[in-house]
>>> print(open('model_5.csv').read())   # CSV, C-alpha atoms
chain,number,residue,atom,x,y,z
A,292,MET,CA,82.2,11.4,80.9
A,293,ARG,CA,85.9,12.3,80.4
A,294,PRO,CA,86.7,14.7,77.6
A,295,GLY,CA,87.5,12.8,74.4
A,296,LEU,CA,85.9,9.5,75.5
A,297,LEU,CA,82.8,10.0,73.3
A,298,GLU,CA,85.0,10.7,70.3
A,299,LEU,CA,87.1,7.6,71.1
A,300,ARG,CA,84.0,5.4,71.3
A,301,TRP,CA,82.8,6.7,67.9
A,302,ALA,CA,86.2,6.0,66.4
A,303,TYR,CA,86.2,2.4,67.7
A,304,GLY,CA,82.7,1.9,66.3
A,305,LEU,CA,83.9,3.1,62.9
A,306,PHE,CA,86.8,0.7,63.1
A,307,ALA,CA,84.4,-2.2,63.9
A,308,LEU,CA,82.2,-1.3,60.8
A,309,LEU,CA,85.3,-1.2,58.6
A,310,ILE,CA,86.5,-4.6,59.9
A,311,LEU,CA,83.1,-6.1,59.3
A,312,GLU,CA,83.1,-4.7,55.8
A,313,SER,CA,86.5,-6.3,55.2
A,314,PHE,CA,85.3,-9.7,56.3
A,315,LEU,CA,82.3,-9.4,54.0
A,316,LEU,CA,84.5,-8.4,51.2
A,317,ALA,CA,86.8,-11.4,51.9
A,318,TRP,CA,83.7,-13.7,52.0
A,319,LEU,CA,82.1,-12.5,48.8
A,320,ALA,CA,85.0,-11.6,46.6
A,321,PRO,CA,86.7,-14.3,44.4
A,322,ARG,CA,89.7,-15.7,46.2
A,323,PRO,CA,92.4,-14.6,43.7
A,324,VAL,CA,91.4,-11.0,44.1
A,325,VAL,CA,90.6,-11.0,47.9
A,326,TRP,CA,94.0,-9.9,49.0
A,327,ALA,CA,94.3,-7.3,46.3
A,328,LEU,CA,91.1,-5.7,47.5
A,329,LEU,CA,91.6,-6.3,51.2
A,330,LEU,CA,95.2,-5.1,51.6
A,331,PRO,CA,94.3,-1.3,51.0
A,332,VAL,CA,91.5,-1.6,53.5
A,333,LEU,CA,93.7,-3.2,56.1
A,334,LEU,CA,96.3,-0.5,55.5
A,335,THR,CA,93.7,2.2,55.9
A,336,LEU,CA,92.5,0.6,59.2
A,337,GLY,CA,96.0,0.5,60.5
A,338,VAL,CA,96.6,4.2,59.8
A,339,ALA,CA,93.3,5.1,61.3
A,340,ALA,CA,94.0,3.0,64.4
A,341,TRP,CA,97.3,4.8,64.8
A,342,LEU,CA,95.8,8.3,64.3
A,343,ALA,CA,92.7,7.8,66.4
A,344,PRO,CA,94.3,8.1,69.9
A,345,ARG,CA,96.4,11.0,68.8
A,346,LEU,CA,93.4,12.9,67.5
A,347,VAL,CA,91.5,12.2,70.6
A,348,ALA,CA,94.4,13.4,72.8
A,349,MET,CA,94.6,16.6,70.7
A,350,LEU,CA,90.8,17.2,71.0
A,351,ARG,CA,91.0,16.5,74.7
A,352,GLY,CA,93.9,18.9,75.2
A,353,HIS,CA,92.1,21.6,73.2
A,354,ARG,CA,88.9,21.2,75.2
A,355,GLU,CA,90.8,21.3,78.5
A,356,LEU,CA,92.6,24.4,77.4
A,357,LYS,CA,89.3,26.1,76.5
A,358,GLU,CA,87.8,25.1,79.9
A,359,SER,CA,90.9,26.4,81.7
A,360,TYR,CA,90.7,29.7,79.8
A,361,ALA,CA,87.0,30.0,80.6
A,362,GLN,CA,87.6,29.4,84.3
A,363,GLU,CA,90.4,32.0,84.4
A,364,LEU,CA,88.3,34.5,82.5
A,365,GLY,CA,85.4,33.9,84.9
A,366,PHE,CA,87.7,34.4,87.8
A,367,ALA,CA,89.1,37.6,86.4
A,368,ARG,CA,85.5,38.9,85.7
A,369,GLN,CA,84.5,38.0,89.2
A,370,ILE,CA,87.3,40.1,90.6
A,371,MET,CA,86.4,43.1,88.4
A,372,GLU,CA,82.8,42.8,89.3
A,373,THR,CA,83.4,42.8,93.0
A,374,VAL,CA,86.2,45.4,93.6
A,375,GLU,CA,85.1,48.7,95.2
A,376,HIS,CA,86.8,51.1,92.7
A,377,GLY,CA,85.7,51.6,89.1
A,378,LEU,CA,87.2,49.7,86.2
A,379,THR,CA,86.6,50.7,82.6
A,380,VAL,CA,87.7,49.4,79.1
A,381,SER,CA,87.3,51.7,76.1
A,382,ASP,CA,87.8,51.2,72.4
A,383,GLU,CA,89.8,53.3,69.9
A,384,ASP,CA,87.0,55.9,69.7
A,385,GLY,CA,86.9,56.3,73.5
A,386,ARG,CA,83.6,54.6,74.0
A,387,PHE,CA,83.2,52.2,76.9
A,388,VAL,CA,83.1,48.5,75.9
A,389,TYR,CA,83.1,47.4,79.6
A,390,VAL,CA,82.5,49.1,82.9
A,391,ASN,CA,82.2,47.3,86.3
A,392,PRO,CA,79.3,47.9,88.7
A,393,ALA,CA,81.4,50.1,90.9
A,394,TYR,CA,82.0,52.6,88.2
A,395,ALA,CA,78.4,52.6,87.1
A,396,ARG,CA,77.4,53.3,90.7
A,397,MET,CA,79.6,56.3,90.8
A,398,LEU,CA,77.4,57.7,87.9
A,399,GLY,CA,74.2,56.5,89.5
A,400,LEU,CA,73.6,54.2,86.6
A,401,THR,CA,73.8,50.5,85.6
A,402,PRO,CA,76.7,49.1,83.5
A,403,GLU,CA,74.3,48.5,80.7
A,404,GLN,CA,73.4,52.2,80.7
A,405,VAL,CA,77.1,53.2,80.4
A,406,VAL,CA,78.5,50.7,77.9
A,407,GLY,CA,78.6,52.2,74.3
A,408,ARG,CA,78.8,55.8,75.5
A,409,SER,CA,81.7,58.2,75.9
A,410,PRO,CA,83.1,59.5,79.2
A,411,PHE,CA,82.7,63.0,77.9
A,412,GLU,CA,79.0,62.7,78.6
A,413,TRP,CA,79.7,62.7,82.4
A,414,THR,CA,82.9,64.8,82.5
A,415,LEU,CA,82.3,68.5,83.3
A,416,PRO,CA,83.0,70.7,80.2
A,417,GLU,CA,85.8,72.6,82.0
A,418,ASP,CA,87.5,69.3,82.8
A,419,GLN,CA,87.2,67.7,79.4
A,420,GLU,CA,90.6,69.0,78.1
A,421,ARG,CA,92.3,66.8,80.7
A,422,LEU,CA,90.3,63.8,79.4
A,423,ARG,CA,91.4,64.6,75.8
A,424,GLN,CA,95.0,65.0,76.8
A,425,ALA,CA,94.9,61.7,78.8
A,426,ARG,CA,93.3,59.9,75.9
A,427,ALA,CA,95.9,61.2,73.5
A,428,ARG,CA,98.8,60.0,75.7
A,429,ARG,CA,97.3,56.5,76.1
A,430,LEU,CA,96.8,56.2,72.3
A,431,SER,CA,100.5,57.1,71.9
A,432,GLY,CA,101.4,54.3,74.3
A,433,GLU,CA,101.8,56.1,77.6
A,434,SER,CA,100.0,55.6,80.9
A,435,SER,CA,98.5,58.6,82.7
A,436,SER,CA,96.7,59.7,85.9
A,437,TYR,CA,94.6,62.8,86.5
A,438,MET,CA,91.8,64.1,88.7
A,439,THR,CA,88.5,65.2,87.3
A,440,ARG,CA,84.8,65.7,88.1
A,441,LEU,CA,81.9,63.6,86.9
A,442,ARG,CA,78.3,64.6,86.9
A,443,ARG,CA,76.1,61.8,88.2
A,444,ALA,CA,72.6,60.9,86.9
A,445,ASP,CA,71.0,62.9,89.7
A,446,GLY,CA,73.0,66.0,88.9
A,447,SER,CA,75.4,65.8,91.8
A,448,LEU,CA,79.2,65.9,91.2
A,449,ILE,CA,81.8,63.4,92.3
A,450,SER,CA,85.6,63.9,92.2
A,451,VAL,CA,87.6,61.0,91.0
A,452,VAL,CA,91.2,60.0,90.2
A,453,ILE,CA,91.5,58.1,86.9
A,454,SER,CA,94.6,56.1,86.1
A,455,GLY,CA,94.7,54.5,82.6
A,456,SER,CA,97.0,52.5,80.3
A,457,PRO,CA,96.9,51.6,76.7
A,458,ARG,CA,95.0,48.4,75.7
A,459,TRP,CA,97.0,46.4,73.3
A,460,GLN,CA,95.8,43.7,70.9
A,461,GLY,CA,97.7,42.2,68.0
A,462,GLY,CA,100.6,44.5,68.5
A,463,ARG,CA,98.6,47.7,68.3
A,464,ILE,CA,96.7,50.0,70.6
A,465,VAL,CA,92.9,49.4,70.4
A,466,GLY,CA,91.8,51.6,73.3
A,467,ASN,CA,92.6,51.9,77.0
A,468,VAL,CA,91.8,50.4,80.4
A,469,ALA,CA,91.4,52.6,83.5
A,470,ALA,CA,90.9,52.4,87.2
A,471,VAL,CA,88.7,55.1,88.7
A,472,VAL,CA,88.8,55.9,92.4
A,473,ALA,CA,86.3,58.3,94.0
A,474,VAL,CA,87.9,60.8,96.3
A,475,GLY,CA,84.9,62.7,97.5
A,476,GLN,CA,81.4,64.0,96.8
A,477,LEU,CA,81.4,67.6,95.7
A,478,GLU,CA,78.9,70.4,95.8
A,479,THR,CA,77.5,71.3,92.4
A,480,GLY,CA,80.0,73.5,90.6
A,481,ALA,CA,82.9,72.9,93.1
A,482,ALA,CA,86.4,72.8,91.6
A,483,PRO,CA,88.5,69.6,91.8
A,484,GLU,CA,91.5,69.4,94.1
A,485,ALA,CA,95.0,69.7,92.8
A,486,GLU,CA,96.0,66.7,90.6
A,487,PRO,CA,98.3,64.0,92.1
A,488,GLY,CA,101.9,63.6,91.1
A,489,ASP,CA,103.2,66.1,88.6
A,490,GLY,CA,99.8,67.4,87.7
A,491,GLN,CA,99.9,66.0,84.1
A,492,PRO,CA,96.7,64.2,82.9
>>> encode(input="model_5.csv", output="structure tokens")
Amino acid sequence: MRPGLLELRWAYGLFALLILESFLLAWLAPRPVVWALLLPVLLTLGVAAWLAPRLVAMLRGHRELKESYAQELGFARQIMETVEHGLTVSDEDGRFVYVNPAYARMLGLTPEQVVGRSPFEWTLPEDQERLRQARARRLSGESSSYMTRLRRADGSLISVVISGSPRWQGGRIVGNVAAVVAVGQLETGAAPEAEPGDGQP
């Protein structure tokens, strides 16, 4: 059934009931007062008939917009779920609100095991200052890239390059989004390579 068709049928059914009521009123009421009683009803019916298709069109447009948004959101999520590099979304406190499967695999975990936790849990202590500096820059409105090491669930280390940007909502920064690319498996305790670019986090 086309969007809005059900609402239109209900509207026409209501009009039919109102028209029936008008005829009953004309039949039962005394003749001198019929038109005095019937005229407001007829005016109401006319206004309702004029409004009905416009309301249906508005409802249909709203529904189609929601369906289009849902399709685009689903397409974007499908892309994020299937890319090979990690994608993360964090809130103002730095906790993950979304990670894709690729990032979770880097840690040897599932996305459900990562969401709600902080990246500090997997960043080596000696690399955490870079993470703090990068987070401060993103909260101030800047993008940043840096190399760091993460400790996986099995205890092994992985070297990654993280590129992040502020996440805006309603004109203010509410966290950050980041892409995480693995650049090599490391031996436990190995130091990361030099940072890309100017070396700033």
>>> residues_near_point(input="model_5.csv", point="(97.9, 56.0, 74.7)", cutoff="8 Å", atoms="only C-alpha atoms", output="number ranges by chain")
A: 425-434, 456-457, 464, 466-467
>>> closest_residue(input="model_5.csv", among="A:Gly407, A:Gly446, A:Gly475, A:Thr401", to="Asp382 (chain A)", atoms="all atoms listed in the file")
A:Gly407
>>> closest_residue(input="model_5.csv", among="A:Gly455, A:Gly461, A:Pro416, A:Pro344", to="Leu378 (chain A)", atoms="only C-alpha atoms")
A:Gly455
